[in-house]
>>> print(open('run.cif').read())   # mmCIF, C-alpha atoms
data_entry
#
loop_
_atom_site.label_atom_id
_atom_site.label_comp_id
_atom_site.auth_asym_id
_atom_site.auth_seq_id
_atom_site.Cartn_x
_atom_site.Cartn_y
_atom_site.Cartn_z
CA MET A 7 0.00 0.00 0.00
CA PRO A 8 1.58 3.36 -1.03
CA VAL A 9 2.51 5.78 1.70
CA PRO A 10 0.97 9.26 1.25
CA SER A 11 3.53 11.98 0.61
CA THR A 12 4.24 14.21 3.57
CA THR A 13 5.85 16.89 1.40
CA PRO A 14 3.78 20.09 1.73
CA ALA A 15 2.44 21.76 -1.37
CA ARG A 16 4.51 24.70 -2.58
CA LEU A 17 3.26 28.15 -3.51
CA PHE A 18 5.01 29.60 -6.57
CA ALA A 19 6.96 26.40 -7.18
CA ARG A 20 8.84 26.18 -10.48
CA GLY A 21 6.60 24.87 -13.26
CA SER A 22 7.41 22.78 -16.32
CA TRP A 23 10.07 23.75 -18.86
CA PRO A 24 7.68 24.08 -21.86
CA GLU A 25 5.45 26.39 -19.83
CA ALA A 26 8.39 28.48 -18.58
CA ARG A 27 9.69 28.84 -22.14
CA ARG A 28 6.25 29.81 -23.47
CA ILE A 29 5.67 32.37 -20.72
CA ALA A 30 9.12 33.86 -21.35
CA ASP A 31 8.24 34.35 -25.04
CA VAL A 32 4.89 35.93 -24.15
CA LEU A 33 6.42 38.28 -21.61
CA ARG A 34 9.21 39.27 -23.98
CA ASN A 35 6.62 40.51 -26.46
CA GLU A 36 4.56 42.15 -23.70
CA THR A 37 7.64 43.97 -22.38
CA THR A 38 8.23 45.60 -25.76
CA GLY A 39 4.58 46.60 -25.89
CA GLY A 40 4.78 47.92 -22.34
CA LEU A 41 7.61 50.29 -23.20
CA LEU A 42 5.64 51.53 -26.21
CA LEU A 43 2.60 51.95 -23.96
CA LEU A 44 4.62 54.10 -21.55
CA ALA A 45 5.83 56.26 -24.44
CA CYS A 46 2.28 56.77 -25.78
CA THR A 47 1.01 57.65 -22.30
CA VAL A 48 3.66 60.36 -21.90
CA LEU A 49 2.93 61.63 -25.42
CA ALA A 50 -0.80 61.82 -24.66
CA LEU A 51 -0.20 63.86 -21.49
CA VAL A 52 2.12 66.28 -23.30
CA TRP A 53 -0.20 66.62 -26.31
CA ALA A 54 -3.30 67.19 -24.16
CA ASN A 55 -1.61 70.10 -22.39
CA LEU A 56 -0.37 71.89 -25.51
CA PRO A 57 -2.24 75.08 -26.51
CA GLY A 58 -4.71 74.90 -29.38
CA GLY A 59 -6.83 71.94 -28.26
CA THR A 60 -5.73 69.68 -31.14
CA TYR A 61 -5.71 66.63 -28.86
CA GLU A 62 -9.43 66.92 -28.10
CA ASP A 63 -10.18 67.76 -31.73
CA VAL A 64 -8.53 64.54 -32.88
CA ARG A 65 -10.02 62.18 -30.33
CA GLN A 66 -13.53 63.64 -30.65
CA PHE A 67 -13.47 63.46 -34.46
CA HIS A 68 -16.30 61.17 -35.60
CA LEU A 69 -16.19 58.66 -38.44
CA GLY A 70 -18.02 55.50 -39.45
CA PRO A 71 -21.43 54.54 -40.90
CA ALA A 72 -24.26 55.94 -38.77
CA ALA A 73 -26.73 53.41 -40.24
CA LEU A 74 -24.79 50.62 -38.50
CA HIS A 75 -24.55 52.55 -35.19
CA LEU A 76 -20.84 53.03 -35.88
CA ASP A 77 -20.59 56.82 -36.20
CA LEU A 78 -18.06 56.90 -33.37
CA SER A 79 -15.36 59.25 -32.15
CA VAL A 80 -11.71 58.27 -32.56
CA GLU A 81 -11.55 57.80 -28.78
CA HIS A 82 -14.59 55.52 -28.94
CA TRP A 83 -13.10 53.50 -31.83
CA ALA A 84 -9.93 53.00 -29.78
CA ALA A 85 -11.88 51.83 -26.71
CA ASP A 86 -14.47 49.65 -28.45
CA GLY A 87 -12.56 48.55 -31.55
CA LEU A 88 -8.86 48.30 -30.78
CA LEU A 89 -9.38 46.96 -27.27
CA ALA A 90 -11.46 44.14 -28.76
CA VAL A 91 -8.22 42.94 -30.38
CA PHE A 92 -6.48 43.14 -26.99
CA PHE A 93 -9.19 41.08 -25.34
CA PHE A 94 -9.25 38.57 -28.19
CA VAL A 95 -5.57 37.88 -27.49
CA ALA A 96 -6.29 37.79 -23.72
CA GLY A 97 -9.01 35.20 -24.32
CA LEU A 98 -6.59 33.10 -26.37
CA GLU A 99 -3.95 33.31 -23.65
CA LEU A 100 -6.29 32.45 -20.81
CA LYS A 101 -7.76 29.44 -22.60
CA LYS A 102 -4.33 28.14 -23.56
CA GLU A 103 -3.11 28.51 -19.97
CA PHE A 104 -6.02 26.48 -18.59
CA VAL A 105 -6.17 23.87 -21.38
CA ALA A 106 -2.53 23.19 -22.27
CA GLY A 107 -0.47 25.03 -19.65
CA ASP A 108 0.49 24.18 -16.09
CA LEU A 109 -2.81 25.66 -14.87
CA ARG A 110 -4.82 22.84 -16.40
CA ASP A 111 -4.36 21.28 -12.95
CA PRO A 112 -7.20 22.82 -10.87
CA ARG A 113 -4.96 22.92 -7.79
CA ALA A 114 -2.41 25.05 -9.64
CA ALA A 115 -5.11 27.28 -11.14
CA ALA A 116 -6.80 27.96 -7.80
CA LEU A 117 -4.15 30.41 -6.53
CA PRO A 118 -4.05 32.93 -9.42
CA ILE A 119 -7.84 32.83 -9.78
CA ALA A 120 -8.36 33.42 -6.04
CA ALA A 121 -5.71 36.15 -6.00
CA ALA A 122 -7.34 37.84 -9.02
CA VAL A 123 -10.71 37.84 -7.23
CA GLY A 124 -9.14 39.21 -4.04
CA GLY A 125 -7.18 41.73 -6.08
CA MET A 126 -10.45 43.00 -7.55
CA ALA A 127 -12.71 42.92 -4.49
CA VAL A 128 -10.43 44.70 -2.01
CA PRO A 129 -9.55 47.66 -4.31
CA ALA A 130 -13.27 48.11 -4.97
CA LEU A 131 -13.84 48.14 -1.21
CA PHE A 132 -11.13 50.79 -0.71
CA TYR A 133 -12.71 52.95 -3.42
CA VAL A 134 -16.15 52.66 -1.82
CA LEU A 135 -14.83 53.44 1.67
CA VAL A 136 -13.02 56.57 0.48
CA ASN A 137 -16.11 57.84 -1.36
CA VAL A 138 -18.44 57.05 1.55
CA LEU A 139 -16.27 58.46 4.36
CA HIS A 140 -14.78 61.50 2.59
CA PRO A 141 -16.42 64.75 3.80
CA ASP A 142 -16.61 66.07 0.22
CA ALA A 143 -18.05 62.88 -1.25
CA VAL A 144 -19.96 63.49 -4.49
CA GLU A 145 -23.34 61.93 -5.16
CA GLY A 146 -23.09 59.24 -7.82
CA ALA A 147 -19.36 58.62 -7.29
CA LEU A 148 -19.91 55.01 -6.20
CA VAL A 149 -20.69 54.07 -9.80
CA GLY A 150 -16.91 53.96 -10.31
CA TRP A 151 -16.31 51.21 -7.75
CA ALA A 152 -14.76 48.83 -10.31
CA ILE A 153 -12.19 51.30 -11.71
CA PRO A 154 -9.16 50.19 -9.61
CA SER A 155 -9.90 46.49 -10.06
CA ALA A 156 -7.72 45.57 -13.06
CA THR A 157 -4.00 44.98 -13.64
CA ASP A 158 -2.37 46.07 -16.91
CA ILE A 159 0.22 43.40 -17.71
CA ALA A 160 1.88 45.41 -20.50
CA PHE A 161 2.33 48.43 -18.20
CA ALA A 162 3.66 46.22 -15.38
CA LEU A 163 6.17 44.50 -17.64
CA GLY A 164 7.23 47.80 -19.12
CA ILE A 165 8.11 48.97 -15.61
CA LEU A 166 9.96 45.71 -14.96
CA ALA A 167 12.04 46.30 -18.08
CA VAL A 168 12.90 49.83 -16.94
CA VAL A 169 13.92 48.94 -13.37
CA GLY A 170 15.68 45.75 -14.48
CA SER A 171 14.00 43.40 -12.03
CA ARG A 172 13.90 39.75 -13.08
CA LEU A 173 11.08 37.92 -11.41
CA PRO A 174 11.53 34.13 -11.18
CA SER A 175 9.55 32.16 -13.77
CA ALA A 176 6.92 31.03 -11.24
CA LEU A 177 6.17 34.61 -10.18
CA ARG A 178 6.08 35.82 -13.78
CA THR A 179 3.63 33.07 -14.70
CA PHE A 180 1.48 33.98 -11.70
CA LEU A 181 1.56 37.70 -12.55
CA LEU A 182 0.63 37.10 -16.19
CA THR A 183 -2.22 34.74 -15.29
CA LEU A 184 -3.53 37.04 -12.56
CA ALA A 185 -3.51 40.02 -14.94
CA VAL A 186 -5.32 38.12 -17.69
CA VAL A 187 -7.91 36.69 -15.27
CA ASP A 188 -8.73 40.00 -13.61
CA ASP A 189 -8.90 41.80 -16.97
CA LEU A 190 -11.43 39.23 -18.13
CA LEU A 191 -13.28 39.54 -14.83
CA GLY A 192 -13.24 43.27 -15.43
CA ILE A 193 -14.90 42.77 -18.81
CA THR A 194 -17.51 40.61 -17.08
CA VAL A 195 -18.14 43.45 -14.63
CA ILE A 196 -18.55 45.84 -17.58
CA ALA A 197 -21.04 43.52 -19.26
CA VAL A 198 -23.08 43.03 -16.07
CA PHE A 199 -22.89 46.40 -14.28
CA TYR A 200 -22.15 48.96 -17.01
CA THR A 201 -24.68 47.91 -19.64
CA GLU A 202 -27.64 50.26 -19.40
CA ARG A 203 -29.96 48.59 -21.89
CA VAL A 204 -29.68 45.43 -24.00
CA GLN A 205 -31.05 45.22 -27.54
CA TRP A 206 -31.89 41.54 -27.77
CA LEU A 207 -32.18 41.09 -31.54
CA PRO A 208 -28.61 42.27 -32.34
CA LEU A 209 -27.33 40.23 -29.38
CA LEU A 210 -29.01 37.04 -30.61
CA LEU A 211 -27.71 37.64 -34.13
CA GLY A 212 -24.24 38.21 -32.66
CA LEU A 213 -24.45 34.84 -30.90
CA VAL A 214 -25.33 33.24 -34.25
CA THR A 215 -22.26 34.71 -35.97
CA LEU A 216 -20.16 33.74 -32.94
CA ALA A 217 -21.43 30.15 -33.25
CA LEU A 218 -20.56 30.13 -36.97
CA PHE A 219 -17.07 31.42 -36.13
CA ALA A 220 -16.72 28.69 -33.48
CA VAL A 221 -17.75 25.96 -35.94
CA ALA A 222 -15.27 27.26 -38.51
CA VAL A 223 -12.29 27.36 -36.13
CA GLN A 224 -13.18 23.97 -34.64
CA ARG A 225 -12.91 22.63 -38.21
CA ARG A 226 -9.51 24.33 -38.42
CA VAL A 227 -10.59 26.84 -41.05
CA ARG A 228 -7.88 29.51 -41.46
CA THR A 229 -9.28 31.33 -44.48
CA TRP A 230 -9.29 35.01 -43.55
CA TRP A 231 -12.19 35.96 -45.84
CA ILE A 232 -14.39 33.54 -43.89
CA LEU A 233 -13.22 34.16 -40.32
CA LEU A 234 -12.66 37.93 -40.43
CA PRO A 235 -16.19 38.84 -41.65
CA LEU A 236 -17.71 36.54 -39.00
CA ALA A 237 -15.54 38.14 -36.29
CA LEU A 238 -16.37 41.68 -37.45
CA ALA A 239 -20.07 40.85 -37.64
CA THR A 240 -19.96 39.45 -34.09
CA TRP A 241 -18.18 42.57 -32.86
CA GLY A 242 -20.60 44.94 -34.64
CA LEU A 243 -23.72 43.12 -33.44
CA VAL A 244 -22.53 42.96 -29.83
CA HIS A 245 -21.77 46.70 -30.03
CA ALA A 246 -25.24 47.37 -31.44
CA SER A 247 -26.81 45.33 -28.62
CA GLY A 248 -25.59 47.85 -26.02
CA ILE A 249 -23.08 45.46 -24.43
CA HIS A 250 -19.51 46.74 -24.62
CA ALA A 251 -17.95 45.47 -27.84
CA THR A 252 -14.78 44.22 -26.12
CA VAL A 253 -16.90 41.35 -24.76
CA ALA A 254 -17.05 40.07 -28.34
CA GLY A 255 -13.25 39.96 -28.45
CA VAL A 256 -13.11 37.80 -25.33
CA LEU A 257 -15.77 35.40 -26.59
CA LEU A 258 -14.09 35.03 -29.98
CA GLY A 259 -10.79 34.20 -28.26
CA LEU A 260 -12.34 31.64 -25.94
CA VAL A 261 -13.94 29.57 -28.74
CA VAL A 262 -10.66 29.07 -30.63
CA PRO A 263 -9.32 25.52 -30.06
CA VAL A 264 -6.03 25.20 -28.20
CA LEU A 265 -5.34 21.57 -29.16
CA ARG A 266 -6.07 19.57 -32.27
CA SER A 267 -9.15 17.38 -32.07
CA GLU A 268 -8.98 13.61 -31.94
CA ALA A 269 -10.11 13.54 -35.58
CA ASN A 270 -6.94 15.43 -36.51
CA GLY A 271 -4.57 13.21 -34.59
CA GLY A 272 -5.19 14.14 -30.96
CA PRO A 273 -3.27 16.60 -28.77
CA GLU A 274 0.02 14.88 -29.61
CA ALA A 275 -0.35 15.94 -33.23
CA GLY A 276 0.34 19.56 -32.37
CA PRO A 277 -1.29 22.81 -31.29
CA GLY A 278 -4.68 24.06 -32.42
CA LEU A 279 -5.48 27.39 -34.02
CA SER A 280 -4.99 29.33 -30.77
CA GLU A 281 -1.22 29.44 -31.16
CA HIS A 282 -1.53 30.43 -34.83
CA PHE A 283 -3.90 33.30 -34.02
CA ALA A 284 -1.84 34.46 -31.04
CA HIS A 285 1.26 34.59 -33.25
CA ARG A 286 -0.60 36.74 -35.79
CA TRP A 287 -2.57 39.03 -33.48
CA GLN A 288 -0.43 39.56 -30.37
CA PRO A 289 2.03 41.90 -32.16
CA ILE A 290 -0.94 43.94 -33.43
CA SER A 291 -2.39 44.07 -29.92
CA THR A 292 0.79 45.03 -28.06
CA GLY A 293 2.37 47.11 -30.81
CA PHE A 294 -0.64 49.04 -32.07
CA ALA A 295 -4.03 48.49 -30.41
CA VAL A 296 -3.13 49.13 -26.77
CA PRO A 297 -0.64 51.98 -27.43
CA VAL A 298 -3.18 53.81 -29.63
CA PHE A 299 -5.83 53.32 -26.93
CA ALA A 300 -3.40 54.86 -24.42
CA LEU A 301 -2.72 57.77 -26.77
CA MET A 302 -6.45 58.46 -27.11
CA SER A 303 -7.38 57.89 -23.45
CA ALA A 304 -4.52 58.98 -21.19
CA GLY A 305 -4.42 62.64 -22.19
CA VAL A 306 -5.63 64.96 -19.44
CA ALA A 307 -5.53 68.76 -19.54
CA ILE A 308 -4.20 69.33 -16.03
CA GLY A 309 -4.55 73.12 -15.96
CA GLY A 310 -1.39 73.85 -13.98
CA VAL A 311 -0.60 73.14 -10.36
CA SER A 312 -3.96 74.37 -9.10
CA GLY A 313 -5.81 72.09 -11.51
CA LEU A 314 -3.70 69.11 -10.46
CA VAL A 315 -4.32 69.82 -6.76
CA GLU A 316 -8.05 70.13 -7.36
CA ALA A 317 -8.11 66.86 -9.30
CA VAL A 318 -6.22 64.80 -6.72
CA GLN A 319 -8.45 66.13 -3.93
CA ASP A 320 -11.51 64.71 -5.66
CA PRO A 321 -12.74 61.65 -3.67
CA VAL A 322 -13.13 59.81 -6.97
CA ALA A 323 -9.42 60.21 -7.78
CA LEU A 324 -8.43 59.47 -4.17
CA GLY A 325 -10.51 56.30 -4.22
CA VAL A 326 -8.83 55.12 -7.41
CA VAL A 327 -5.36 55.82 -5.98
CA ALA A 328 -6.20 54.07 -2.71
CA GLY A 329 -7.60 51.07 -4.56
CA LEU A 330 -4.54 50.65 -6.78
CA VAL A 331 -1.79 51.48 -4.27
CA LEU A 332 -3.25 49.86 -1.15
CA GLY A 333 -6.18 47.70 -2.19
CA LYS A 334 -4.35 45.68 -4.83
CA PRO A 335 -1.43 44.49 -2.68
CA VAL A 336 -3.64 43.96 0.37
CA GLY A 337 -6.15 41.90 -1.63
CA ILE A 338 -3.56 39.77 -3.43
CA VAL A 339 -1.33 39.14 -0.41
CA LEU A 340 -4.22 38.31 1.93
CA THR A 341 -5.84 36.00 -0.62
CA THR A 342 -2.53 34.28 -1.38
CA PHE A 343 -1.80 33.47 2.25
CA LEU A 344 -5.42 32.54 2.89
CA VAL A 345 -5.10 29.96 0.12
CA ALA A 346 -1.85 28.80 1.71
CA ARG A 347 -3.54 28.45 5.08
CA LEU A 348 -6.53 26.54 3.71
CA THR A 349 -4.42 24.19 1.60
CA ARG A 350 -1.56 23.91 4.11
CA ALA A 351 0.84 24.96 1.39
CA GLU A 352 4.19 26.63 2.02
CA LEU A 353 6.00 29.30 0.06
CA ASP A 354 8.65 27.83 -2.22
CA GLU A 355 11.99 27.67 -0.45
CA SER A 356 13.70 29.90 -3.03
CA LEU A 357 11.30 32.79 -2.36
CA HIS A 358 10.46 35.15 0.49
CA PRO A 359 7.15 36.81 1.47
CA VAL A 360 8.60 40.14 0.32
CA ASP A 361 8.65 38.73 -3.24
CA VAL A 362 4.90 38.20 -3.04
CA LEU A 363 4.45 41.73 -1.69
CA GLY A 364 6.53 43.28 -4.47
CA MET A 365 4.62 41.37 -7.13
CA ALA A 366 1.30 42.40 -5.56
CA MET A 367 2.43 46.05 -5.63
CA LEU A 368 3.30 45.65 -9.29
CA ALA A 369 -0.27 44.44 -9.88
CA GLY A 370 -1.40 47.94 -8.84
CA MET A 371 -0.47 49.08 -12.34
CA GLY A 372 -4.03 49.61 -13.52
CA PHE A 373 -4.48 51.17 -16.91
CA THR A 374 -6.33 49.71 -19.89
CA VAL A 375 -9.45 48.28 -18.22
CA SER A 376 -9.39 50.93 -15.45
CA LEU A 377 -9.57 53.76 -18.00
CA LEU A 378 -12.24 51.88 -19.93
CA ILE A 379 -14.43 51.45 -16.84
CA GLY A 380 -13.85 55.08 -15.86
CA SER A 381 -15.12 56.32 -19.23
CA LEU A 382 -18.19 54.08 -18.96
CA ALA A 383 -18.91 55.09 -15.37
CA PHE A 384 -18.59 58.87 -15.71
CA GLY A 385 -18.69 59.56 -19.44
CA GLU A 386 -15.98 60.50 -21.91
CA GLY A 387 -14.48 63.93 -21.29
CA SER A 388 -16.45 64.67 -18.08
CA PRO A 389 -14.62 66.34 -15.15
CA ALA A 390 -15.01 63.19 -13.04
CA GLY A 391 -13.71 61.12 -15.97
CA GLN A 392 -10.65 63.39 -16.22
CA HIS A 393 -10.03 62.98 -12.50
CA VAL A 394 -10.34 59.20 -12.88
CA THR A 395 -7.64 59.26 -15.56
CA LEU A 396 -5.33 61.25 -13.30
CA GLY A 397 -6.10 58.90 -10.41
CA VAL A 398 -5.24 55.86 -12.55
CA LEU A 399 -1.99 57.44 -13.73
CA ILE A 400 -0.96 58.57 -10.24
CA GLY A 401 -1.95 55.28 -8.61
CA SER A 402 -0.08 53.31 -11.27
CA ALA A 403 3.01 55.50 -10.93
CA VAL A 404 3.08 55.15 -7.13
CA SER A 405 2.54 51.39 -7.40
CA ALA A 406 5.37 51.16 -9.92
CA ALA A 407 7.73 53.15 -7.67
CA LEU A 408 6.95 51.03 -4.60
CA ALA A 409 7.27 47.78 -6.55
CA ALA A 410 10.58 48.94 -8.05
CA VAL A 411 11.99 49.65 -4.58
CA VAL A 412 10.90 46.29 -3.16
CA LEU A 413 11.82 44.12 -6.16
CA SER A 414 15.13 45.82 -6.97
CA ARG A 415 16.39 44.94 -3.49
CA ARG A 416 15.87 41.30 -4.41
CA ASN A 417 17.63 41.44 -7.77
CA ALA A 418 20.67 39.53 -6.50
CA VAL A 419 18.42 36.64 -5.47
CA TYR A 420 16.56 36.76 -8.79
CA ARG A 421 19.84 36.70 -10.73
CA ARG A 422 20.94 33.62 -8.77
CA ILE A 423 17.64 31.85 -9.49
CA GLU A 424 17.89 32.82 -13.17
CA ALA A 425 21.45 31.43 -13.33
CA GLU A 426 20.28 28.15 -11.78
CA GLU A 427 17.43 27.90 -14.27
CA GLY A 428 19.88 28.36 -17.16
CA VAL A 429 22.26 25.46 -16.35
CA ASP A 430 22.02 22.60 -18.86
CA ALA A 431 24.93 20.33 -17.93
CA ASP A 432 23.82 17.38 -20.08
CA GLY A 433 23.21 19.60 -23.11
CA ASN A 434 19.79 18.17 -23.94
CA GLY A 435 18.13 21.56 -24.32
CA VAL A 436 16.23 21.37 -21.02
CA PRO A 437 17.71 23.17 -17.96
CA ASP A 438 18.62 20.68 -15.23
CA VAL A 439 16.34 22.21 -12.59
CA TYR A 440 13.30 21.32 -14.72
CA GLU A 441 14.34 17.66 -14.89
CA ARG A 442 14.60 17.09 -11.15
#
>>> encode(input="run.cif", output="structure tokens")
Amino acid sequence: MPVPSTTPARLFARGSWPEARRIADVLRNETTGGLLLLACTVLALVWANLPGGTYEDVRQFHLGPAALHLDLSVEHWAADGLLAVFFFVAGLELKKEFVAGDLRDPRAAALPIAAAVGGMAVPALFYVLVNVLHPDAVEGALVGWAIPSATDIAFALGILAVVGSRLPSALRTFLLTLAVVDDLLGITVIAVFYTERVQWLPLLLGLVTLALFAVAVQRRVRTWWILLPLALATWGLVHASGIHATVAGVLLGLVVPVLRSEANGGPEAGPGLSEHFAHRWQPISTGFAVPVFALMSAGVAIGGVSGLVEAVQDPVALGVVAGLVLGKPVGIVLTTFLVARLTRAELDESLHPVDVLGMAMLAGMGFTVSLLIGSLAFGEGSPAGQHVTLGVLIGSAVSAALAAVVLSRRNAVYRRIEAEEGVDADGNGVPDVYER
């Protein structure tokens, strides 16, 4: 009779070599996009504060067929159109992680999912508390409760590239999965809480075109003139239904097969269409869609020092900053160690609790989904919406600074772990630590 193992489960233990290599490739692309995102954010802030008002003229310029409900501003096209590409790629990544990655084991998936939920709920609670207890609280401000809930992985990795911190592979995998999960949870929040009215006929037609797209990709159809019209029709019909069009991007990504079907030789025969689509669309997402969204959304006319002081004193902005800077790390750290307590797991011996804290601080880099929720909650170009944008930028900057301080002090440890993970004494192409 076998003797049960007495070895405790490990939090943030090193995963498999194929998964570590795949995550490294994903993060390398995201890091490049993150640096471009930072550049576009700075450009938007400078452009918005130049005299002449050209920034507002450009982003409020309308184009598109009105008959199809697509006479939208450039800012609206960036938020509804380009971000749909971003969420299509996020849907592909999440499905691949849970179908073919290390997180296909429910026990391994439980931690990042729980941490994502905690990292959304606690920031929302901080926002609500600030806007309930503040003496100058504004009526209607609570509608923005979900703004500080999301983590922008491209922004976080851009900061990592700047400060030079090298998180171990297990922490990077966790951070990527957490960011993808809470972004998708954020889209769910948008669909449920920020949809004022649903037009059922366009929605039902959108589900029909989505089903046709799903059938095509399940049959491994790659013909662009079949798939692209179906995807665009799904996006347009979901937009016309009143539900935010980025939801269509997520759904399209989730129906793409990760593995080949048994009829095509089984999983051993190779990857499904997910990898093919990710290879084609991720560069467009990180190199164009998200940076252009930042350029059209991050610009705020500050109005000098007095305008900045007035903006940061707004309970809405304070709530966003508190949610990102305090709520995110508190929610992620508490949830992580609650999972450890319930499962009797221990932190991997190569790591320290301060590593978890630094990573949780880095997750306070809210941007893409936070700005999107802010525009839906308070309206594009409204004073409260402008204050939300400043709050997101300030909260993200403070989170980045704190994470840089904490993680940079651990760089020597991270370099040692990276060196260990690079040793391949037998020359078989797989580092020795992954074969133990």
>>> atom_distance(input="run.cif", atom1="atom CA of Val419 of chain A", atom2="atom CA of Pro359 of chain A")
13.2 Å
>>> atom_distance(input="run.cif", atom1="atom CA of Ala90 of chain A", atom2="atom CA of Ala323 of chain A")
26.5 Å
>>> closest_residue(input="run.cif", among="A:Leu257, A:Ile400, A:Ala239, A:Ala251", to="Leu324 of chain A", atoms="only C-alpha atoms")
A:Ile400
>>> residues_near_point(input="run.cif", point="(-17.1, 42.4, -36.7)", cutoff="10 Å", atoms="all atoms listed in the file", output="short mmCIF file (atom, residue, chain, number, x, y, z; two decimals) with C-alpha atoms, in the coordinates of the input")
data_model
loop_
_atom_site.label_atom_id
_atom_site.label_comp_id
_atom_site.auth_asym_id
_atom_site.auth_seq_id
_atom_site.Cartn_x
_atom_site.Cartn_y
_atom_site.Cartn_z
CA GLY A 87 -12.56 48.55 -31.55
CA ALA A 90 -11.46 44.14 -28.76
CA GLY A 212 -24.24 38.21 -32.66
CA THR A 215 -22.26 34.71 -35.97
CA LEU A 216 -20.16 33.74 -32.94
CA LEU A 233 -13.22 34.16 -40.32
CA LEU A 234 -12.66 37.93 -40.43
CA PRO A 235 -16.19 38.84 -41.65
CA LEU A 236 -17.71 36.54 -39.00
CA ALA A 237 -15.54 38.14 -36.29
CA LEU A 238 -16.37 41.68 -37.45
CA ALA A 239 -20.07 40.85 -37.64
CA THR A 240 -19.96 39.45 -34.09
CA TRP A 241 -18.18 42.57 -32.86
CA GLY A 242 -20.60 44.94 -34.64
CA LEU A 243 -23.72 43.12 -33.44
CA VAL A 244 -22.53 42.96 -29.83
CA HIS A 245 -21.77 46.70 -30.03
CA ALA A 251 -17.95 45.47 -27.84
CA ALA A 254 -17.05 40.07 -28.34
CA GLY A 255 -13.25 39.96 -28.45
#
>>> residues_near_point(input="run.cif", point="(7.5, 21.2, -20.3)", cutoff="12 Å", atoms="all atoms listed in the file", output="list in words")
Arg20, Gly21, Ser22, Trp23, Pro24, Glu25, Ala26, Arg27, Arg28, Ile29, Ala106, Gly107, Asp108, Gly435, Val436, Pro437, Val439, Tyr440 and Glu441 of chain A
>>> axis_aligned_box(input="run.cif", around="segment 295-307 of chain A", padding_each_side="3 Å", output="AutoDock Vina command-line options")
--center_x -4.0 --center_y 58.6 --center_z -24.9 --size_x 12.7 --size_y 26.3 --size_z 17.0
>>> closest_residue(input="run.cif", among="A:Leu368, A:Ile159, A:Leu78, A:Val227", to="Ala406 of chain A", atoms="all atoms listed in the file")
A:Leu368
>>> atom_distance(input="run.cif", atom1="atom CA of Leu139 of chain A", atom2="atom CA of Met126 of chain A")
20.4 Å
>>> closest_atom_pairs(input="run.cif", of="segment 10-87 of chain A", to="segment 295-311 of chain A", cutoff="9 Å", atoms="all atoms listed in the file", output="JSON lines")
{"residue": "A:Gly39", "atom": "CA", "partner": "A:Pro297", "partner_atom": "CA", "distance": 7.7}
{"residue": "A:Gly40", "atom": "CA", "partner": "A:Pro297", "partner_atom": "CA", "distance": 8.5}
{"residue": "A:Leu42", "atom": "CA", "partner": "A:Pro297", "partner_atom": "CA", "distance": 6.4}
{"residue": "A:Leu43", "atom": "CA", "partner": "A:Pro297", "partner_atom": "CA", "distance": 4.7}
{"residue": "A:Leu44", "atom": "CA", "partner": "A:Pro297", "partner_atom": "CA", "distance": 8.2}
{"residue": "A:Ala45", "atom": "CA", "partner": "A:Pro297", "partner_atom": "CA", "distance": 8.3}
{"residue": "A:Cys46", "atom": "CA", "partner": "A:Leu301", "partner_atom": "CA", "distance": 5.2}
{"residue": "A:Thr47", "atom": "CA", "partner": "A:Ala300", "partner_atom": "CA", "distance": 5.6}
{"residue": "A:Val48", "atom": "CA", "partner": "A:Ala304", "partner_atom": "CA", "distance": 8.3}
{"residue": "A:Leu49", "atom": "CA", "partner": "A:Leu301", "partner_atom": "CA", "distance": 7.0}
{"residue": "A:Ala50", "atom": "CA", "partner": "A:Gly305", "partner_atom": "CA", "distance": 4.5}
{"residue": "A:Leu51", "atom": "CA", "partner": "A:Gly305", "partner_atom": "CA", "distance": 4.4}
{"residue": "A:Val52", "atom": "CA", "partner": "A:Gly305", "partner_atom": "CA", "distance": 7.6}
{"residue": "A:Trp53", "atom": "CA", "partner": "A:Gly305", "partner_atom": "CA", "distance": 7.1}
{"residue": "A:Ala54", "atom": "CA", "partner": "A:Gly305", "partner_atom": "CA", "distance": 5.1}
{"residue": "A:Asn55", "atom": "CA", "partner": "A:Ala307", "partner_atom": "CA", "distance": 5.0}
{"residue": "A:Leu56", "atom": "CA", "partner": "A:Ala307", "partner_atom": "CA", "distance": 8.5}
{"residue": "A:Tyr61", "atom": "CA", "partner": "A:Gly305", "partner_atom": "CA", "distance": 7.9}
{"residue": "A:Glu62", "atom": "CA", "partner": "A:Gly305", "partner_atom": "CA", "distance": 8.9}
{"residue": "A:Val64", "atom": "CA", "partner": "A:Met302", "partner_atom": "CA", "distance": 8.6}
{"residue": "A:Arg65", "atom": "CA", "partner": "A:Met302", "partner_atom": "CA", "distance": 6.1}
{"residue": "A:Val80", "atom": "CA", "partner": "A:Met302", "partner_atom": "CA", "distance": 7.6}
{"residue": "A:Glu81", "atom": "CA", "partner": "A:Met302", "partner_atom": "CA", "distance": 5.4}
{"residue": "A:His82", "atom": "CA", "partner": "A:Met302", "partner_atom": "CA", "distance": 8.8}
{"residue": "A:Trp83", "atom": "CA", "partner": "A:Phe299", "partner_atom": "CA", "distance": 8.8}
{"residue": "A:Ala84", "atom": "CA", "partner": "A:Phe299", "partner_atom": "CA", "distance": 5.0}
{"residue": "A:Ala85", "atom": "CA", "partner": "A:Phe299", "partner_atom": "CA", "distance": 6.2}
{"residue": "A:Gly87", "atom": "CA", "partner": "A:Ala295", "partner_atom": "CA", "distance": 8.6}
>>> resolve_selection(input="run.cif", expression="the PyMOL selection byres ((chain A and resi 352-354) around 9)", output="number ranges by chain")
A: 14-20, 346-347, 349-351, 355-359
